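Enquirer: Quick one, input30.csv (CSV, C-alpha atoms):
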```csv
chain,number,residue,atom,x,y,z
A,1,GLU,CA,-8.9,-10.6,9.0
A,2,ALA,CA,-5.3,-9.6,8.2
A,3,ASP,CA,-3.0,-12.6,7.5
A,4,ILE,CA,0.5,-11.3,8.3
A,5,TYR,CA,2.8,-13.2,10.5
A,6,GLN,CA,6.0,-12.4,12.4
A,7,THR,CA,8.5,-14.7,14.1
A,8,PRO,CA,9.8,-14.8,16.6
A,9,ARG,CA,7.5,-12.9,18.8
A,10,TYR,CA,10.2,-12.4,21.4
A,11,LEU,CA,13.9,-12.6,21.1
A,12,VAL,CA,16.6,-12.0,23.7
A,13,ILE,CA,20.2,-12.2,22.4
A,14,GLY,CA,23.7,-11.1,23.2
A,15,THR,CA,25.6,-8.2,21.7
A,16,GLY,CA,27.3,-9.0,18.4
A,17,LYS,CA,24.9,-11.8,17.3
A,18,LYS,CA,23.4,-11.8,13.8
A,19,ILE,CA,19.6,-12.1,13.7
A,20,THR,CA,16.9,-12.3,11.2
A,21,LEU,CA,13.3,-11.3,11.9
A,22,GLU,CA,10.8,-13.0,9.7
A,23,CYS,CA,7.7,-11.5,8.2
A,24,SER,CA,5.2,-13.2,5.8
A,25,GLN,CA,1.8,-12.3,4.4
A,26,THR,CA,-0.7,-14.3,2.6
A,27,MET,CA,-2.8,-11.4,1.2
A,28,GLY,CA,-0.8,-11.1,-2.1
A,29,HIS,CA,0.1,-7.5,-1.2
A,30,ASP,CA,3.0,-6.0,-3.2
A,31,LYS,CA,4.0,-3.3,-0.6
A,32,MET,CA,5.6,-4.3,2.6
A,33,TYR,CA,7.0,-2.3,5.5
A,34,TRP,CA,9.1,-2.5,8.6
A,35,TYR,CA,8.6,-0.1,11.5
A,36,GLN,CA,10.5,0.3,14.7
A,37,GLN,CA,8.6,1.3,17.8
A,38,ASP,CA,9.7,1.7,21.4
A,39,PRO,CA,7.0,0.7,23.9
A,40,GLY,CA,4.1,3.1,23.9
A,41,MET,CA,5.8,5.4,21.5
A,42,GLU,CA,5.4,6.5,17.8
A,43,LEU,CA,6.0,4.3,14.8
A,44,HIS,CA,9.2,4.9,12.8
A,45,LEU,CA,9.4,3.6,9.2
A,46,ILE,CA,12.8,2.0,8.6
A,47,HIS,CA,12.3,0.0,5.4
A,48,TYR,CA,9.7,-0.6,2.7
A,49,SER,CA,9.4,-2.5,-0.5
A,50,TYR,CA,7.2,-2.0,-3.6
A,51,GLY,CA,7.6,-5.7,-4.6
A,52,VAL,CA,10.1,-8.4,-5.5
A,53,ASN,CA,13.7,-7.1,-5.7
A,54,SER,CA,12.6,-3.7,-4.5
A,55,THR,CA,13.8,-2.3,-1.1
A,56,GLU,CA,13.8,1.3,0.1
A,57,LYS,CA,15.0,3.0,3.2
A,58,GLY,CA,12.4,4.7,5.4
A,59,ASP,CA,12.4,7.9,7.4
A,60,LEU,CA,14.4,6.6,10.3
A,61,SER,CA,18.0,5.5,9.6
A,62,SER,CA,18.6,1.9,10.6
A,63,GLU,CA,21.6,-0.4,10.6
A,64,SER,CA,19.3,-3.3,9.6
A,65,THR,CA,18.9,-4.6,6.1
A,66,VAL,CA,16.0,-6.2,4.3
A,67,SER,CA,15.5,-8.4,1.2
A,68,ARG,CA,12.4,-9.2,-1.0
A,69,ILE,CA,13.0,-12.3,-3.0
A,70,ARG,CA,9.4,-13.5,-2.8
A,71,THR,CA,6.2,-11.4,-2.7
A,72,GLU,CA,5.0,-12.9,0.6
A,73,HIS,CA,8.3,-12.7,2.5
A,74,PHE,CA,10.1,-9.6,3.8
A,75,PRO,CA,12.8,-10.6,6.3
A,76,LEU,CA,14.9,-8.0,8.3
A,77,THR,CA,18.5,-8.7,9.3
A,78,LEU,CA,20.8,-7.2,11.8
A,79,GLU,CA,24.4,-8.3,11.2
A,80,SER,CA,25.7,-7.4,14.6
A,81,ALA,CA,23.1,-6.6,17.2
A,82,ARG,CA,23.7,-4.0,19.9
A,83,PRO,CA,21.7,-2.9,23.0
A,84,SER,CA,20.6,0.2,21.0
A,85,HIS,CA,18.7,-2.1,18.7
A,86,THR,CA,16.4,-3.1,21.6
A,87,SER,CA,12.9,-2.3,20.4
A,88,GLN,CA,9.7,-3.7,18.9
A,89,TYR,CA,9.8,-4.3,15.2
A,90,LEU,CA,6.5,-4.3,13.3
A,91,CYS,CA,5.9,-5.6,9.8
A,92,ALA,CA,3.0,-4.4,7.6
A,93,SER,CA,1.7,-4.8,4.1
A,94,SER,CA,-0.7,-3.1,1.8
A,95,GLU,CA,-1.9,-3.0,-1.8
A,96,THR,CA,0.2,-0.9,-4.2
A,97,LEU,CA,-2.7,0.7,-6.0
A,98,GLY,CA,-6.0,2.0,-4.6
A,99,PHE,CA,-6.4,2.1,-0.9
A,100,ASN,CA,-3.7,3.0,1.6
A,101,GLU,CA,-4.8,0.5,4.3
A,102,GLN,CA,-1.8,-1.1,5.9
A,103,PHE,CA,-2.2,-4.3,7.9
A,104,PHE,CA,0.2,-5.1,10.7
A,105,GLY,CA,1.7,-8.2,12.1
A,106,PRO,CA,1.9,-8.8,15.9
A,107,GLY,CA,5.5,-7.6,16.1
A,108,THR,CA,8.8,-8.9,17.4
A,109,ARG,CA,10.0,-7.6,20.7
A,110,LEU,CA,13.9,-7.6,20.5
A,111,THR,CA,16.1,-7.3,23.5
A,112,VAL,CA,19.9,-7.1,23.0
A,113,LEU,CA,21.9,-7.6,26.2
B,1,GLY,CA,8.6,16.2,6.0
B,2,GLN,CA,4.9,15.9,6.7
B,3,GLN,CA,3.9,15.6,10.3
B,4,LEU,CA,0.6,14.9,12.1
B,5,ASN,CA,-0.3,16.5,15.4
B,6,GLN,CA,-2.4,14.0,17.4
B,7,SER,CA,-4.1,15.1,20.6
B,8,PRO,CA,-4.5,14.6,23.4
B,9,GLN,CA,-1.3,12.7,24.1
B,10,SER,CA,-3.0,10.7,26.9
B,11,MET,CA,-6.3,10.6,28.7
B,12,PHE,CA,-8.0,8.8,31.4
B,13,ILE,CA,-11.4,7.3,30.9
B,14,GLN,CA,-14.1,6.1,33.2
B,15,GLU,CA,-16.4,3.4,32.0
B,16,GLY,CA,-19.4,4.9,30.2
B,17,GLU,CA,-17.7,8.1,29.3
B,18,ASP,CA,-17.4,9.4,25.7
B,19,VAL,CA,-13.9,10.0,24.3
B,20,SER,CA,-12.7,12.3,21.6
B,21,MET,CA,-9.3,12.6,19.9
B,22,ASN,CA,-8.1,14.3,16.8
B,23,CYS,CA,-5.3,14.7,14.3
B,24,THR,CA,-4.3,17.8,12.4
B,25,SER,CA,-1.8,18.3,9.6
B,26,SER,CA,-0.4,21.3,7.7
B,27,SER,CA,-0.7,19.2,4.5
B,28,ILE,CA,-3.7,17.6,2.9
B,29,PHE,CA,-4.3,13.9,2.7
B,30,ASN,CA,-6.8,11.9,0.7
B,31,THR,CA,-6.9,9.0,3.2
B,32,TRP,CA,-7.3,9.0,7.0
B,33,LEU,CA,-6.9,5.9,9.0
B,34,TRP,CA,-7.4,5.1,12.7
B,35,TYR,CA,-5.6,2.2,14.4
B,36,LYS,CA,-5.7,0.8,17.9
B,37,GLN,CA,-2.7,-0.9,19.5
B,38,ASP,CA,-2.8,-3.1,22.6
B,39,PRO,CA,0.3,-3.7,24.6
B,40,GLY,CA,2.7,-6.1,22.9
B,41,GLU,CA,0.6,-6.3,19.8
B,42,GLY,CA,0.6,-4.7,16.3
B,43,PRO,CA,-1.8,-1.9,15.4
B,44,VAL,CA,-5.2,-3.0,14.3
B,45,LEU,CA,-7.1,-0.9,11.7
B,46,LEU,CA,-10.4,0.5,13.1
B,47,ILE,CA,-11.7,2.9,10.5
B,48,ALA,CA,-10.6,4.0,7.1
B,49,LEU,CA,-11.8,7.3,5.5
B,50,TYR,CA,-11.4,8.2,1.9
B,51,LYS,CA,-13.6,11.3,1.2
B,52,ALA,CA,-13.5,14.8,2.6
B,53,GLY,CA,-16.5,15.2,5.0
B,54,GLU,CA,-17.0,11.5,5.3
B,55,LEU,CA,-18.4,10.2,8.6
B,56,THR,CA,-18.0,6.5,9.3
B,57,SER,CA,-18.9,4.4,12.2
B,58,ASN,CA,-17.6,1.0,13.5
B,59,GLY,CA,-19.8,0.0,16.5
B,60,ARG,CA,-19.2,2.6,19.2
B,61,LEU,CA,-16.5,4.3,17.2
B,62,THR,CA,-17.1,7.2,14.8
B,63,ALA,CA,-14.5,8.9,12.7
B,64,GLN,CA,-14.7,11.9,10.4
B,65,PHE,CA,-12.5,13.1,7.5
B,66,GLY,CA,-12.3,16.9,7.8
B,67,ILE,CA,-13.6,19.0,5.0
B,68,THR,CA,-10.2,20.8,4.6
B,69,ARG,CA,-8.6,17.3,4.3
B,70,LYS,CA,-6.1,18.4,6.9
B,71,ASP,CA,-7.7,16.8,10.0
B,72,SER,CA,-9.7,13.9,11.3
B,73,PHE,CA,-11.3,13.0,14.6
B,74,LEU,CA,-12.3,9.8,16.4
B,75,ASN,CA,-15.0,9.5,18.9
B,76,ILE,CA,-15.6,6.5,21.2
B,77,SER,CA,-19.0,6.4,22.8
B,78,ALA,CA,-19.8,4.8,26.2
B,79,SER,CA,-16.3,3.6,26.8
B,80,ILE,CA,-15.6,0.2,28.3
B,81,PRO,CA,-12.4,-1.2,29.9
B,82,SER,CA,-11.2,-2.9,26.8
B,83,ASP,CA,-11.0,0.4,25.0
B,84,VAL,CA,-7.7,1.1,26.8
B,85,GLY,CA,-4.7,1.1,24.5
B,86,ILE,CA,-3.0,3.5,22.1
B,87,TYR,CA,-4.9,5.0,19.2
B,88,PHE,CA,-2.9,6.2,16.2
B,89,CYS,CA,-4.1,8.3,13.3
B,90,ALA,CA,-2.5,8.0,9.9
B,91,GLY,CA,-2.7,10.1,6.8
B,92,GLY,CA,-2.0,8.9,3.3
B,93,MET,CA,-1.9,10.2,-0.3
B,94,ASN,CA,-2.3,8.5,-3.6
B,95,TYR,CA,-0.1,9.7,-6.4
B,96,GLY,CA,-1.5,8.9,-9.8
B,97,GLY,CA,-3.2,5.8,-8.4
B,98,SER,CA,-0.1,4.6,-6.6
B,99,GLN,CA,0.1,4.8,-2.8
B,100,GLY,CA,2.5,7.0,-0.9
B,101,ASN,CA,3.6,5.8,2.6
B,102,LEU,CA,1.4,6.6,5.6
B,103,ILE,CA,2.3,9.4,8.0
B,104,PHE,CA,1.5,8.3,11.6
B,105,GLY,CA,0.6,10.5,14.5
B,106,LYS,CA,2.4,10.0,17.8
B,107,GLY,CA,-0.6,8.3,19.4
B,108,THR,CA,-3.2,8.9,22.1
B,109,LYS,CA,-2.9,6.7,25.1
B,110,LEU,CA,-6.2,5.7,26.8
B,111,SER,CA,-6.0,4.6,30.4
B,112,VAL,CA,-8.6,3.8,33.0
B,113,LYS,CA,-9.1,6.4,35.8
B,114,PRO,CA,-7.7,5.1,39.1
```
Could you rewrite the structure in this file as structure tokens?
Expert:
Amino acid sequence: EADIYQTPRYLVIGTGKKITLECSQTMGHDKMYWYQQDPGMELHLIHYSYGVNSTEKGDLSSESTVSRIRTEHFPLTLESARPSHTSQYLCASSETLGFNEQFFGPGTRLTVL
Amino acid sequence: GQQLNQSPQSMFIQEGEDVSMNCTSSSIFNTWLWYKQDPGEGPVLLIALYKAGELTSNGRLTAQFGITRKDSFLNISASIPSDVGIYFCAGGMNYGGSQGNLIFGKGTKLSVKP
């Protein structure tokens, strides 16, 4: 059973607000990821991290930023939300060495009005 | 960059039918993973494959790692209503023991026949 948590599950906010999406895992995984996904569509990697103090941009350009101060925690921040940011955001984690298996959180459904 | 072609894009199932879907790539992978995603939830790992030619089952699900390392397929036998959802394949490579990021297919959406 994967132990990766995301809060909030749903968020509706107005344009221009600053938001932080939380992601935590208790598996001791070094690598963590953020994906953006429109409903029923493909997954787009927007950020990943190899470990503490490591952050990398993914394949899809995003106006969001991430930080990795603790191994278990990988929050995503939008400084000024816009309607174009409306989407589902999925956090995942995996071991660095060995197997490629990524374990996903339940996601945060963000709606920006 | 690397891309995966996943097919079919969508399909309708009737309870009791067998279902097949596959993923192909122009590049080789040394890992193939299959995930299922229910509406409003994150993808859940179904089967992981690590060796060319490997055939692995998980209940009614069977997946195979293609011999060429460029493809994989997933079969669901005797489908039931809770099988509906989106199935994603993902390919991965290890580089000197360190993981590369996964490449995901665009998904196969399973729905119930009206």
Enquirer: Go ahead and compute the interatomic distance for atom CA of Val19 of chain B and atom CA of Asp38 of chain A, in Å to one decimal.
Expert: 25.2 Å
Enquirer: Can you pull out the residues contacting Gly91 of chain B? Cut-off 12 Å, using all atoms listed in the file, and skip same-chain residues under 3 positions away; I want them as a ChimeraX atom specification.
Expert: /A:99-102 /B:2-6,23-35,48-50,65-66,69-73,88,94,99-105
Enquirer: My list of candidates is A:Leu76, A:Ile19, A:Met27, A:Leu90. Which is closest to Arg109 of chain A when distances are computed with only C-alpha atoms?
Expert: A:Leu90
Enquirer: Kindly provide the residues of chain A that approach chain B to within 10 Å, each paired with its closest atom pair and their distance in Å to one decimal, based on only C-alpha atoms, listed by chain and increasing number, as a Markdown table.
Expert:
```
| residue | atom | partner | partner_atom | distance |
| --- | --- | --- | --- | --- |
| A:Glu1 | CA | B:Val44 | CA | 10.0 |
| A:Ala2 | CA | B:Val44 | CA | 9.0 |
| A:Arg9 | CA | B:Gly40 | CA | 9.3 |
| A:Tyr10 | CA | B:Gly40 | CA | 9.9 |
| A:Lys31 | CA | B:Gln99 | CA | 9.3 |
| A:Tyr33 | CA | B:Asn101 | CA | 9.3 |
| A:Pro39 | CA | B:Pro39 | CA | 8.0 |
| A:Gly40 | CA | B:Ile86 | CA | 7.3 |
| A:Met41 | CA | B:Lys106 | CA | 6.8 |
| A:Glu42 | CA | B:Lys106 | CA | 4.6 |
| A:Leu43 | CA | B:Phe104 | CA | 6.8 |
| A:His44 | CA | B:Phe104 | CA | 8.5 |
| A:Leu45 | CA | B:Asn101 | CA | 9.1 |
| A:Tyr48 | CA | B:Asn101 | CA | 8.8 |
| A:Tyr50 | CA | B:Gln99 | CA | 9.9 |
| A:Gly58 | CA | B:Asn101 | CA | 9.3 |
| A:Asp59 | CA | B:Gly1 | CA | 9.2 |
| A:Gln88 | CA | B:Gly40 | CA | 8.4 |
| A:Tyr89 | CA | B:Gly42 | CA | 9.3 |
| A:Leu90 | CA | B:Gly42 | CA | 6.6 |
| A:Cys91 | CA | B:Gly42 | CA | 8.4 |
| A:Ala92 | CA | B:Gly42 | CA | 9.0 |
| A:Ser94 | CA | B:Gln99 | CA | 9.2 |
| A:Glu95 | CA | B:Gln99 | CA | 8.1 |
| A:Thr96 | CA | B:Gln99 | CA | 5.9 |
| A:Leu97 | CA | B:Ser98 | CA | 4.7 |
| A:Gly98 | CA | B:Gly97 | CA | 6.1 |
| A:Phe99 | CA | B:Gln99 | CA | 7.3 |
| A:Asn100 | CA | B:Gln99 | CA | 6.1 |
| A:Glu101 | CA | B:Ala48 | CA | 7.3 |
| A:Gln102 | CA | B:Leu45 | CA | 7.9 |
| A:Phe103 | CA | B:Leu45 | CA | 7.1 |
| A:Phe104 | CA | B:Gly42 | CA | 5.6 |
| A:Gly105 | CA | B:Gly42 | CA | 5.6 |
| A:Pro106 | CA | B:Gly42 | CA | 4.3 |
| A:Gly107 | CA | B:Gly42 | CA | 5.7 |
| A:Thr108 | CA | B:Gly40 | CA | 8.7 |
| A:Arg109 | CA | B:Gly40 | CA | 7.8 |
```
Enquirer: Check the smallest atom-to-atom distance from each of B:Ala78, B:Leu61, B:Leu46, B:Cys89 to Asn22 of chain B using only C-alpha atoms, then report the winner.
Expert: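 Ranked by minimum distance to Asn22 of chain B, first place goes to B:Cys89.
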Enquirer: Could you pull the residues within 9 Å of Ile69 of chain A, counting all atoms listed in the file, minus those fewer than 4 positions along the same chain, as a PyMOL selection string?
Expert: chain A and resi 51-54+73-74
Enquirer: Would you please work out which residue, of A:Thr26, A:Thr15, A:Ser64, A:Gln6, is nearest to Thr77 of chain A when using all atoms listed in the file?
Expert: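 Once distances to Thr77 of chain A are computed over all atoms listed in the file, the minimum belongs to A:Ser64.
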Enquirer: Could you tell me how far atom CA of Ser87 of chain A lies from atom CA of Tyr35 of chain A, in Å and to one decimal?
Expert: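 A separation of 10.1 Å between them.
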Enquirer: Using all atoms listed in the file, which protein or nucleic acid residues come within 7 Å of Thr111 of chain A? Drop anything in the same chain fewer than 4 positions from it, and give the result as an MDAnalysis selection string.
Expert: chainID A and resid 11:13 86:87
Enquirer: Using all atoms listed in the file for the distances, tell me which of B:Thr62, B:Thr68, B:Gln9, B:Ser79 is nearest to Val112 of chain B.
Expert: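 With all atoms listed in the file as the atom set, the closest residue is B:Ser79.
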Enquirer: So how far away is atom CA of Leu110 of chain A from atom CA of Leu110 of chain B, in Å?
Expert: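 Rounded to one decimal, the two atoms are 24.9 Å apart.
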Enquirer: Using only C-alpha atoms for the distances, tell me which of B:Asn58, B:Ile67, B:Glu15, B:Lys51 is nearest to Ile80 of chain B.
Expert: B:Glu15
Enquirer: Quick one: 4 Å padding each side, axis-aligned, all listed atoms of segment 72-86 of chain B - centre and edge lengths in Å to one decimal, as AutoDock Vina command-line options?
Expert:
```
--center_x -11.4 --center_y 5.5 --center_z 20.6 --size_x 24.8 --size_y 24.8 --size_z 26.6
```
Enquirer: Which is closer to Gly28 of chain A than all the others in A:Val112, A:Leu60, A:Val66, A:Ile4, using all atoms listed in the file?
Expert: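 Nearest candidate to Gly28 of chain A out of A:Val112, A:Leu60, A:Val66, A:Ile4: A:Ile4.
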